[in-house]
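Working notes, structure below.
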There are 2 protein chains.
Amino acid sequence: MGRNRATLADVARRAGLSKTAASMVLNGREGTRLSAEAHQRVFAAAEELGYRPNLAARSLRTRKTATIAFVSDIVATTRFAGDLIRGALDAARERDHVLLITETQGDATFEQYAIEAVLDRQVDGVIYAAMATRRLTVPAAILGGPVVLLNATSPDGLPSVVPDDEGAGRSVASALLELGHRDAIALIGRNRLKEDDPEVSLAARARLHGIQQTLDEAKVRLLAECFCTEWLPEHGYAAMRSLLSKPKRPSAIICMNDRLAFGAYQALGEAGLTVPEDISVISFDDDPIAAWLRPSLATTALPHEQMGRRAVELLLDGGAAEPSLVPMPLRRRRSLAPPAG
Amino acid sequence: MGRNRATLADVARRAGLSKTAASMVLNGREGTRLSAEAHQRVFAAAEELGYRPNLAARSLRTRKTATIAFVSDIVATTRFAGDLIRGALDAARERDHVLLITETQGDATFEQYAIEAVLDRQVDGVIYAAMATRRLTVPAAILGGPVVLLNATSPDGLPSVVPDDEGAGRSVASALLELGHRDAIALIGRNRLKEDDPEVSLAARARLHGIQQTLDEAKVRLLAECFCTEWLPEHGYAAMRSLLSKPKRPSAIICMNDRLAFGAYQALGEAGLTVPEDISVISFDDDPIAAWLRPSLATTALPHEQMGRRAVELLLDGGAAEPSLVPMPLRRRRSLAPPAG
DNA sequence: ATGCTCTGCTAAATCAGTTTAGCGACCACT
DNA sequence: AGTGGTCGCTAAACTGATTTAGCAGAGCAT
């Protein structure tokens, strides 16, 4: 890779100047007193030789690599990881930086390895990303330089970027209230573990809080709440069936995520009920399936791309130390309608 | 990042030896005649100081960075990208390498930028990945060093890794034949553009070829073939409805991907038909939704993780120049049954 | 005593940049 | 004539590793 590239010395020689002069011109240093003609000659020589600086050599001296480490627990198993990475990639490119990506798979040995690997490469900063919004403690080794937490918070008060799940909870509840749903709203996806242990999830508690706050203000109580051990389609399916087996049928369902909603759709379909005429459904995440469902599913979008972008901005441009909340936009789709009655 | 790390000079000083000696010991150079005691002292000093080599300095001299560029057209929009990356990440870690990830978004300017960025960082090789299996021409700039194409082939005869779509086509057709389906198999997802332009897709043609070859051998002809402009759920839905409007109802459906199958499921549900009792469904990709559908969808899995892994192996360990075909395993699930009759 | 080989180690060059310190020429001022 | 300042530029040090070339001393044979 990169055989016989022109070096700075080549450029200087061709311009008839010293390496110092060439370096200063190419780096656009202020306060230097090189003539306009010298500038011309250097630029021309660099152009002709197709000169590109060797970043290894540069960073040896400057201790800057224009490289950011993106260390995450798991990139592959969630479909959202890509968006997080893409946002970070875009923002990094705009600032002439590049991303070194590693994955710890939640394994301490791998994490150790990943951190050494990136520190050895003198990265300018670390984005430490979690795939489920949660609280975590970052390894001490990376605290020597700039760190931003992505989709996570930490007790250390490090800068962090998280989605505004509480705001999303309010949006979801408000959307139903506006349509006239009041005394027959059911919730699918309560989960003690996710709600109570911030190291497992911050989203569950925040979403729930946003929903309840909004309903309380409207003096509305939930018709029913279903607990689910996981937030997967099969659990949404089971929860929906149990709701339908009760005497009073809900007019609207809030699902804690789209996969639960997908399961709920299946149960509704089997029961011969139609969305949204019989029951409205609204949810969280904006998983791609939300748009594919029939009818399309209203949901609040996890702004992953925005978040990835924000993390890079915080890292390179500096910013607030308190958690940076990224709004979750409501996607109004066809699964919403006023209550049937 | 990496404030006051111990340098090789520090280690040498503490061991009471020269940098040369320290370097040779730590790199485990053969043929050197340093005493056992010298070895001990260097190792001890390195250990005590927590020495880690500065890779920028090393690579300046050796022109090796232990870094691989992963350049892809689009990582975010497809959920599979993560698996490709994860496989590459794993294989890279096993070889003490790390991945520099960039995205071109199919934009020539971005591509130019991405390539310069990775070449400037002296990467040891480039994995050039496409998100849809297709043929492409790689930019000349990266041909100076090792390159492996991932999920793509090129006219240049570069080493490449692609899924065995033709084999998948044979698996799918065989699975139906084995169950006894013969004269009522329909296909959803024919598409001239995908089949005829290798720069758009290689998968469509190969899958179709595998299917037809197997059916031909069994002297079976397809009952019907539906053309779809895209392979999205809505197109599968429309195709399925049109099939059901015809006089002879199919006993089994082959969908060219899982998203089409998802749409087909929706149409079957609305028509009051059950899978697999009334109609079997089988498909390609093993998208996560395939396992979430009710009943779960039989499909052939795109072995993305394997492919990412193989690409790194080919790049670092060397290997065949002809395209490396990675098998697509058949996931037998509940959407298959013998024909009703 | 001389030359030779082998052992165990080191000085210095090298990679490709950035940065510090300073040089010579010219001009102005006293 | 001497001094000081500015202008336009350069030599050399420096970053932290690897690598080449070679040195001092011991052991042995001639």
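Each chain of the structure tokens is named A, B, ... in the order shown, its residues numbered from 1; ligands are numbered from 1 in display order.
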Write out as a compact mmCIF listing (two decimals) with N, CA, C and O atoms, in the first residue's frame each polymer residue whose atoms come within 9 Å of Ala38 in chain A, counting only C-alpha atoms (C1' of nucleotides); drop sequence neighbours fewer than 3 positions from it.
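New file part-v6.txt:
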```txt
# COMPACT_ATOMS: atom_id res chain seq x y z
N ALA A 15 10.48 22.52 -5.35
CA ALA A 15 10.14 23.94 -5.23
C ALA A 15 11.40 24.78 -5.01
O ALA A 15 11.34 26.01 -4.99
N GLY A 16 12.52 24.11 -4.82
CA GLY A 16 13.76 24.83 -4.58
C GLY A 16 13.78 25.51 -3.22
O GLY A 16 14.34 26.58 -3.04
N LEU A 17 13.12 24.87 -2.24
CA LEU A 17 13.04 25.45 -0.90
C LEU A 17 13.37 24.38 0.14
O LEU A 17 13.57 23.22 -0.22
N ALA A 21 10.14 25.27 4.87
CA ALA A 21 9.29 26.17 4.10
C ALA A 21 8.09 25.41 3.54
O ALA A 21 6.95 25.84 3.68
N ALA A 22 8.36 24.25 2.97
CA ALA A 22 7.29 23.46 2.38
C ALA A 22 6.25 23.10 3.44
O ALA A 22 5.05 23.24 3.23
N VAL A 25 4.17 26.21 4.42
CA VAL A 25 3.22 26.60 3.39
C VAL A 25 2.05 25.64 3.34
O VAL A 25 0.89 26.03 3.38
N LEU A 34 6.95 33.79 4.51
CA LEU A 34 7.39 33.28 3.20
C LEU A 34 6.70 34.09 2.10
O LEU A 34 5.52 34.44 2.22
N SER A 35 7.43 34.34 1.05
CA SER A 35 6.90 35.18 -0.03
C SER A 35 5.76 34.50 -0.76
O SER A 35 5.60 33.28 -0.74
N ARG A 41 5.25 28.25 -5.54
CA ARG A 41 6.14 27.17 -5.94
C ARG A 41 5.86 25.89 -5.17
O ARG A 41 5.84 24.78 -5.73
N VAL A 42 5.61 26.05 -3.86
CA VAL A 42 5.33 24.86 -3.05
C VAL A 42 4.02 24.20 -3.48
O VAL A 42 3.96 22.99 -3.70
N PHE A 43 3.01 25.02 -3.63
CA PHE A 43 1.71 24.44 -4.04
C PHE A 43 1.84 23.74 -5.37
O PHE A 43 1.33 22.65 -5.57
```
Using 8 Å as the limit and counting only C-alpha atoms (C1' of nucleotides), can you tabulate each residue of chain A that touches chain C, with its shortest atom-to-atom distance in Å and the two atoms involved, as JSON lines?
```
{"residue": "A:Thr7", "atom": "CA", "partner": "C:DA16", "partner_atom": "C1'", "distance": 6.9}
{"residue": "A:Leu8", "atom": "CA", "partner": "C:DA16", "partner_atom": "C1'", "distance": 7.3}
{"residue": "A:Ser23", "atom": "CA", "partner": "C:DT18", "partner_atom": "C1'", "distance": 7.6}
{"residue": "A:Pro53", "atom": "CA", "partner": "C:DG17", "partner_atom": "C1'", "distance": 7.7}
{"residue": "A:Asn54", "atom": "CA", "partner": "C:DA16", "partner_atom": "C1'", "distance": 6.5}
{"residue": "A:Ala57", "atom": "CA", "partner": "C:DG17", "partner_atom": "C1'", "distance": 4.9}
{"residue": "A:Arg58", "atom": "CA", "partner": "C:DG17", "partner_atom": "C1'", "distance": 4.7}
{"residue": "A:Arg61", "atom": "CA", "partner": "C:DT18", "partner_atom": "C1'", "distance": 6.1}
{"residue": "A:Thr62", "atom": "CA", "partner": "C:DT18", "partner_atom": "C1'", "distance": 7.1}
```
Per residue of chain D within 10 Å of chain A, record the nearest atom pair and its distance in Å to one decimal, counting only C-alpha atoms (C1' of nucleotides), with rows in chain order and ascending residue number, as a tab-separated table.
```
residue	atom	partner	partner_atom	distance
D:DC7	C1'	A:Arg33	CA	7.0
D:DG8	C1'	A:Leu34	CA	5.8
D:DC9	C1'	A:Leu34	CA	7.3
D:DT10	C1'	A:Ser18	CA	6.3
D:DA11	C1'	A:Ser18	CA	9.4
D:DC14	C1'	A:Arg61	CA	7.6
D:DT15	C1'	A:Arg61	CA	4.4
D:DG16	C1'	A:Leu60	CA	7.4
D:DA17	C1'	A:Leu60	CA	9.9
```
So that I can see what lies close to Leu100 in chain A, please list as a list of chain:residue names the residues with an atom at most 7 Å from it, counting only C-alpha atoms (C1' of nucleotides) and leaving out residues fewer than 2 positions away in the same chain.
A:Thr67, A:Ile68, A:Ala69, A:Phe70, A:Val98, A:Thr102, B:Leu99, B:Leu100, B:Ile101
How would the residues just chosen look if you wrote them out with all heavy atoms as a CSV table (one decimal), in the first residue's frame?
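Writing the result to out17.csv gives the following:
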```csv
chain,number,residue,atom,x,y,z
A,67,THR,N,-7.9,10.5,14.0
A,67,THR,CA,-8.6,9.2,14.0
A,67,THR,C,-9.3,9.1,15.4
A,67,THR,O,-8.8,9.5,16.4
A,67,THR,CB,-7.6,8.1,13.9
A,67,THR,OG1,-6.9,8.2,12.7
A,67,THR,CG2,-8.3,6.7,14.0
A,68,ILE,N,-10.6,8.7,15.3
A,68,ILE,CA,-11.4,8.5,16.5
A,68,ILE,C,-11.7,7.0,16.7
A,68,ILE,O,-12.0,6.4,15.7
A,68,ILE,CB,-12.7,9.3,16.3
A,68,ILE,CG1,-12.5,10.8,16.1
A,68,ILE,CG2,-13.6,9.1,17.6
A,68,ILE,CD1,-13.7,11.5,15.7
A,69,ALA,N,-11.6,6.6,17.9
A,69,ALA,CA,-11.9,5.2,18.2
A,69,ALA,C,-13.4,5.1,18.5
A,69,ALA,O,-14.0,5.9,19.2
A,69,ALA,CB,-11.2,4.6,19.4
A,70,PHE,N,-14.1,4.2,17.9
A,70,PHE,CA,-15.5,3.9,18.1
A,70,PHE,C,-15.6,2.5,18.8
A,70,PHE,O,-15.5,1.5,18.1
A,70,PHE,CB,-16.3,3.9,16.8
A,70,PHE,CG,-17.8,3.9,17.0
A,70,PHE,CD1,-18.5,5.0,16.9
A,70,PHE,CD2,-18.4,2.7,17.3
A,70,PHE,CE1,-19.9,5.0,17.0
A,70,PHE,CE2,-19.8,2.6,17.4
A,70,PHE,CZ,-20.6,3.8,17.3
A,98,VAL,N,-11.4,10.1,10.8
A,98,VAL,CA,-11.7,8.8,10.4
A,98,VAL,C,-12.0,7.9,11.6
A,98,VAL,O,-11.6,8.3,12.7
A,98,VAL,CB,-10.5,8.3,9.5
A,98,VAL,CG1,-9.8,7.2,10.1
A,98,VAL,CG2,-11.0,8.0,8.1
A,102,THR,N,-14.0,-0.9,16.9
A,102,THR,CA,-13.8,-2.1,17.6
A,102,THR,C,-15.0,-2.5,18.4
A,102,THR,O,-15.8,-1.7,18.7
A,102,THR,CB,-12.6,-2.0,18.6
A,102,THR,OG1,-12.9,-1.0,19.6
A,102,THR,CG2,-11.3,-1.6,17.9
B,99,LEU,N,-9.8,-2.4,12.4
B,99,LEU,CA,-10.5,-1.9,11.1
B,99,LEU,C,-10.7,-0.4,11.1
B,99,LEU,O,-11.3,0.1,12.1
B,99,LEU,CB,-11.8,-2.7,11.1
B,99,LEU,CG,-12.0,-3.7,10.0
B,99,LEU,CD1,-10.9,-4.7,9.9
B,99,LEU,CD2,-13.3,-4.5,10.2
B,100,LEU,N,-10.3,0.2,10.0
B,100,LEU,CA,-10.6,1.6,9.8
B,100,LEU,C,-11.8,1.6,8.8
B,100,LEU,O,-11.7,1.1,7.7
B,100,LEU,CB,-9.4,2.2,9.1
B,100,LEU,CG,-9.2,3.7,9.2
B,100,LEU,CD1,-9.1,4.1,10.7
B,100,LEU,CD2,-7.9,4.0,8.6
B,101,ILE,N,-13.0,2.1,9.3
B,101,ILE,CA,-14.2,2.0,8.5
B,101,ILE,C,-14.6,3.3,7.8
B,101,ILE,O,-14.6,4.3,8.5
B,101,ILE,CB,-15.3,1.4,9.4
B,101,ILE,CG1,-14.9,0.0,9.8
B,101,ILE,CG2,-16.6,1.4,8.6
B,101,ILE,CD1,-16.0,-0.8,10.5
```
Among the residues A:Leu136, A:Ala320, A:Ala12, A:Ile142, the one that comes closest to chain B [using only C-alpha atoms]:
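Of all the options, A:Ile142 lies closest to chain B.
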Here CA of Gln112 in chain B and CA of Pro139 in chain B stand apart by 8.5 Å
Closest atom pairs, residues of chain B within 7 Å of chain A, only C-alpha atoms, as a Markdown table:
```
| residue | atom | partner | partner_atom | distance |
| --- | --- | --- | --- | --- |
| B:Met1 | CA | A:Gly145 | CA | 3.9 |
| B:Gly2 | CA | A:Gly144 | CA | 6.2 |
| B:Arg3 | CA | A:Gly144 | CA | 6.6 |
| B:Arg52 | CA | A:Asp120 | CA | 6.9 |
| B:Pro53 | CA | A:Asp120 | CA | 6.8 |
| B:Asn54 | CA | A:Asp120 | CA | 5.8 |
| B:Leu55 | CA | A:Arg121 | CA | 5.6 |
| B:Ala56 | CA | A:Ala56 | CA | 5.0 |
| B:Ala57 | CA | A:Leu60 | CA | 5.9 |
| B:Ser59 | CA | A:Ala56 | CA | 6.9 |
| B:Leu60 | CA | A:Ala56 | CA | 5.8 |
| B:Val75 | CA | A:Gly82 | CA | 6.1 |
| B:Ala76 | CA | A:Gly82 | CA | 4.3 |
| B:Arg79 | CA | A:Arg79 | CA | 5.0 |
| B:Gly82 | CA | A:Ala76 | CA | 4.3 |
| B:Asp83 | CA | A:Ala76 | CA | 5.2 |
| B:Arg86 | CA | A:Ala76 | CA | 5.9 |
| B:Leu89 | CA | A:Thr102 | CA | 6.9 |
| B:Leu99 | CA | A:Leu100 | CA | 5.9 |
| B:Leu100 | CA | A:Leu100 | CA | 4.6 |
| B:Ile101 | CA | A:Leu99 | CA | 5.9 |
| B:Thr102 | CA | A:Leu89 | CA | 6.9 |
| B:Leu119 | CA | A:Gly2 | CA | 6.4 |
| B:Asp120 | CA | A:Asn54 | CA | 5.7 |
| B:Arg121 | CA | A:Leu55 | CA | 5.6 |
| B:Gln122 | CA | A:Met1 | CA | 6.6 |
| B:Val123 | CA | A:Met1 | CA | 6.8 |
| B:Asp124 | CA | A:Met1 | CA | 6.2 |
| B:Gly125 | CA | A:Met1 | CA | 6.7 |
| B:Gly144 | CA | A:Met1 | CA | 5.2 |
| B:Gly145 | CA | A:Met1 | CA | 4.0 |
| B:Pro233 | CA | A:Trp292 | CA | 6.3 |
| B:Trp292 | CA | A:Pro233 | CA | 6.3 |
```
For the selection you just gave me, I'd like the residues written to a file as an mmCIF file, in the first residue's frame, keeping N, CA and C atoms.
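Once written, out.cif looks like this:
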```
data_model
loop_
_atom_site.group_PDB
_atom_site.id
_atom_site.type_symbol
_atom_site.label_atom_id
_atom_site.label_comp_id
_atom_site.auth_asym_id
_atom_site.auth_seq_id
_atom_site.Cartn_x
_atom_site.Cartn_y
_atom_site.Cartn_z
ATOM 1 N N MET B 1 -4.807 11.775 24.809
ATOM 2 C CA MET B 1 -4.790 10.307 24.747
ATOM 3 C C MET B 1 -3.348 9.835 24.863
ATOM 4 N N GLY B 2 -3.124 8.879 25.724
ATOM 5 C CA GLY B 2 -1.793 8.298 25.784
ATOM 6 C C GLY B 2 -0.749 9.276 26.292
ATOM 7 N N ARG B 3 -1.090 9.984 27.333
ATOM 8 C CA ARG B 3 -0.113 10.863 27.961
ATOM 9 C C ARG B 3 0.993 9.997 28.537
ATOM 10 N N ARG B 52 4.142 -0.101 26.059
ATOM 11 C CA ARG B 52 3.435 -0.484 24.835
ATOM 12 C C ARG B 52 4.058 0.325 23.715
ATOM 13 N N PRO B 53 4.414 -0.327 22.640
ATOM 14 C CA PRO B 53 5.071 0.396 21.555
ATOM 15 C C PRO B 53 4.152 1.441 20.930
ATOM 16 N N ASN B 54 4.723 2.492 20.471
ATOM 17 C CA ASN B 54 4.002 3.512 19.736
ATOM 18 C C ASN B 54 3.912 3.057 18.277
ATOM 19 N N LEU B 55 2.690 2.725 17.882
ATOM 20 C CA LEU B 55 2.561 2.134 16.549
ATOM 21 C C LEU B 55 2.813 3.120 15.419
ATOM 22 N N ALA B 56 2.621 4.392 15.702
ATOM 23 C CA ALA B 56 2.895 5.384 14.652
ATOM 24 C C ALA B 56 4.387 5.362 14.352
ATOM 25 N N ALA B 57 5.191 5.332 15.395
ATOM 26 C CA ALA B 57 6.639 5.313 15.211
ATOM 27 C C ALA B 57 7.057 4.024 14.512
ATOM 28 N N SER B 59 5.308 2.088 12.572
ATOM 29 C CA SER B 59 4.889 1.931 11.187
ATOM 30 C C SER B 59 5.596 2.927 10.282
ATOM 31 N N LEU B 60 6.120 3.967 10.867
ATOM 32 C CA LEU B 60 6.897 4.896 10.059
ATOM 33 C C LEU B 60 8.104 4.140 9.487
ATOM 34 N N VAL B 75 -23.099 1.390 4.724
ATOM 35 C CA VAL B 75 -23.167 0.482 5.854
ATOM 36 C C VAL B 75 -24.489 0.552 6.574
ATOM 37 N N ALA B 76 -25.097 1.719 6.541
ATOM 38 C CA ALA B 76 -26.200 1.904 7.475
ATOM 39 C C ALA B 76 -27.534 1.383 6.983
ATOM 40 N N ARG B 79 -29.470 -3.795 7.184
ATOM 41 C CA ARG B 79 -29.253 -4.374 8.491
ATOM 42 C C ARG B 79 -28.166 -5.429 8.465
ATOM 43 N N GLY B 82 -23.896 -4.830 9.567
ATOM 44 C CA GLY B 82 -23.321 -5.105 10.872
ATOM 45 C C GLY B 82 -22.661 -6.463 10.936
ATOM 46 N N ASP B 83 -23.292 -7.460 10.342
ATOM 47 C CA ASP B 83 -22.736 -8.810 10.395
ATOM 48 C C ASP B 83 -21.458 -8.928 9.584
ATOM 49 N N ARG B 86 -18.907 -7.331 11.670
ATOM 50 C CA ARG B 86 -18.557 -8.111 12.852
ATOM 51 C C ARG B 86 -17.633 -9.272 12.492
ATOM 52 N N LEU B 89 -14.269 -7.875 11.875
ATOM 53 C CA LEU B 89 -13.701 -7.434 13.141
ATOM 54 C C LEU B 89 -13.115 -8.611 13.918
ATOM 55 N N LEU B 99 -9.752 -2.371 12.363
ATOM 56 C CA LEU B 99 -10.452 -1.947 11.144
ATOM 57 C C LEU B 99 -10.726 -0.450 11.122
ATOM 58 N N LEU B 100 -10.349 0.156 10.024
ATOM 59 C CA LEU B 100 -10.649 1.554 9.799
ATOM 60 C C LEU B 100 -11.828 1.572 8.847
ATOM 61 N N ILE B 101 -12.957 2.089 9.301
ATOM 62 C CA ILE B 101 -14.160 1.970 8.490
ATOM 63 C C ILE B 101 -14.567 3.281 7.841
ATOM 64 N N THR B 102 -14.822 3.230 6.551
ATOM 65 C CA THR B 102 -15.299 4.425 5.865
ATOM 66 C C THR B 102 -16.448 4.036 4.948
ATOM 67 N N LEU B 119 -5.460 5.626 2.589
ATOM 68 C CA LEU B 119 -4.097 5.490 2.067
ATOM 69 C C LEU B 119 -3.132 6.377 2.855
ATOM 70 N N ASP B 120 -3.589 7.558 3.212
ATOM 71 C CA ASP B 120 -2.739 8.456 4.009
ATOM 72 C C ASP B 120 -2.360 7.798 5.330
ATOM 73 N N ARG B 121 -3.202 6.927 5.806
ATOM 74 C CA ARG B 121 -2.931 6.267 7.085
ATOM 75 C C ARG B 121 -2.188 4.953 6.896
ATOM 76 N N GLN B 122 -1.732 4.720 5.698
ATOM 77 C CA GLN B 122 -0.843 3.594 5.415
ATOM 78 C C GLN B 122 -1.420 2.235 5.787
ATOM 79 N N VAL B 123 -2.693 2.056 5.534
ATOM 80 C CA VAL B 123 -3.292 0.768 5.876
ATOM 81 C C VAL B 123 -2.610 -0.375 5.134
ATOM 82 N N ASP B 124 -2.674 -1.547 5.737
ATOM 83 C CA ASP B 124 -1.992 -2.711 5.155
ATOM 84 C C ASP B 124 -2.764 -3.347 4.010
ATOM 85 N N GLY B 125 -4.041 -2.994 3.900
ATOM 86 C CA GLY B 125 -4.832 -3.583 2.837
ATOM 87 C C GLY B 125 -6.228 -2.997 2.887
ATOM 88 N N GLY B 144 -2.618 -0.246 -5.458
ATOM 89 C CA GLY B 144 -1.203 -0.315 -5.088
ATOM 90 C C GLY B 144 -0.907 -1.353 -4.030
ATOM 91 N N GLY B 145 -1.921 -1.813 -3.326
ATOM 92 C CA GLY B 145 -1.699 -2.782 -2.254
ATOM 93 C C GLY B 145 -2.745 -3.876 -2.300
ATOM 94 N N PRO B 233 -41.710 -5.365 1.021
ATOM 95 C CA PRO B 233 -42.934 -6.026 1.441
ATOM 96 C C PRO B 233 -44.153 -5.665 0.590
ATOM 97 N N TRP B 292 -39.241 -14.009 13.303
ATOM 98 C CA TRP B 292 -40.308 -13.391 14.092
ATOM 99 C C TRP B 292 -41.695 -13.616 13.504
#
```
Enumerate, as a PyMOL selection string, the complete set of residues in range 144-334 of chain B that a backbone-based DSSP assignment places in strand (DSSP E or B).
chain B and resi 147-153+160-163+185-190+224-227+252-255+280-285+298-301+324-326+330-331
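The space between CA of Ser154 in chain B and CA of Thr109 in chain B spans 20.8 Å.
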Could you pull the residues within 8 Å of Ala132 in chain B, counting only C-alpha atoms (C1' of nucleotides), minus those fewer than 4 positions along the same chain, as a ChimeraX atom specification?
/B:151-152,200-201
In Å, how far is it from CA of Ala224 in chain B to CA of Ile188 in chain B?
8.4 Å
As a compact mmCIF listing (two decimals) with C-alpha atoms, in the first residue's frame, please: every residue in range 122-267 of chain A that DSSP puts in alpha helix (DSSP H).
```txt
# COMPACT_ATOMS: atom_id res chain seq x y z
CA ASP A 165 -36.98 8.55 25.85
CA GLU A 166 -38.99 10.47 28.39
CA GLY A 167 -39.96 13.01 25.76
CA ALA A 168 -40.91 10.12 23.51
CA GLY A 169 -43.12 8.73 26.26
CA ARG A 170 -44.90 12.07 26.45
CA SER A 171 -45.31 12.24 22.66
CA VAL A 172 -46.81 8.79 22.53
CA ALA A 173 -49.28 9.42 25.32
CA SER A 174 -50.21 12.85 23.98
CA ALA A 175 -50.84 11.44 20.52
CA LEU A 176 -53.42 9.05 21.94
CA LEU A 177 -55.04 11.65 24.18
CA GLU A 178 -55.38 14.06 21.27
CA LEU A 179 -57.29 11.42 19.32
CA ARG A 192 -39.05 -4.57 36.31
CA LEU A 193 -35.50 -5.42 35.41
CA LYS A 194 -35.29 -2.90 32.60
CA GLU A 195 -37.11 -0.26 34.64
CA ASP A 196 -35.13 -0.64 37.84
CA ALA A 203 -35.05 3.62 28.18
CA ALA A 204 -37.76 1.59 29.90
CA ARG A 205 -37.95 3.79 32.97
CA ALA A 206 -37.78 7.03 31.00
CA ARG A 207 -40.45 5.97 28.51
CA LEU A 208 -42.74 4.82 31.26
CA HIS A 209 -42.18 8.01 33.18
CA GLY A 210 -43.02 10.17 30.18
CA ILE A 211 -46.18 8.21 29.51
CA GLN A 212 -47.40 8.27 33.08
CA GLN A 213 -46.64 11.92 33.59
CA THR A 214 -48.69 12.88 30.55
CA LEU A 215 -51.58 10.58 31.47
CA ASP A 216 -51.56 11.86 35.05
CA GLU A 217 -51.79 15.44 33.88
CA PRO A 233 -42.50 -10.21 19.04
CA GLU A 234 -43.52 -13.40 20.81
CA HIS A 235 -43.93 -11.49 24.07
CA GLY A 236 -45.98 -8.81 22.39
CA TYR A 237 -48.13 -11.54 20.87
CA ALA A 238 -48.73 -13.21 24.22
CA ALA A 239 -49.44 -9.92 25.93
CA MET A 240 -51.95 -8.90 23.28
CA ARG A 241 -53.76 -12.22 23.55
CA SER A 242 -54.06 -11.86 27.27
CA LEU A 243 -55.43 -8.34 26.88
CA LEU A 244 -58.01 -9.57 24.41
CA ASP A 258 -41.81 -1.99 17.71
CA ARG A 259 -41.01 -5.67 18.03
CA LEU A 260 -43.62 -6.00 20.75
CA ALA A 261 -46.00 -4.10 18.49
CA PHE A 262 -45.25 -6.51 15.68
CA GLY A 263 -46.25 -9.40 17.95
CA ALA A 264 -49.36 -7.49 18.99
CA TYR A 265 -50.33 -7.04 15.32
CA GLN A 266 -50.08 -10.79 14.83
CA ALA A 267 -52.40 -11.46 17.75
```
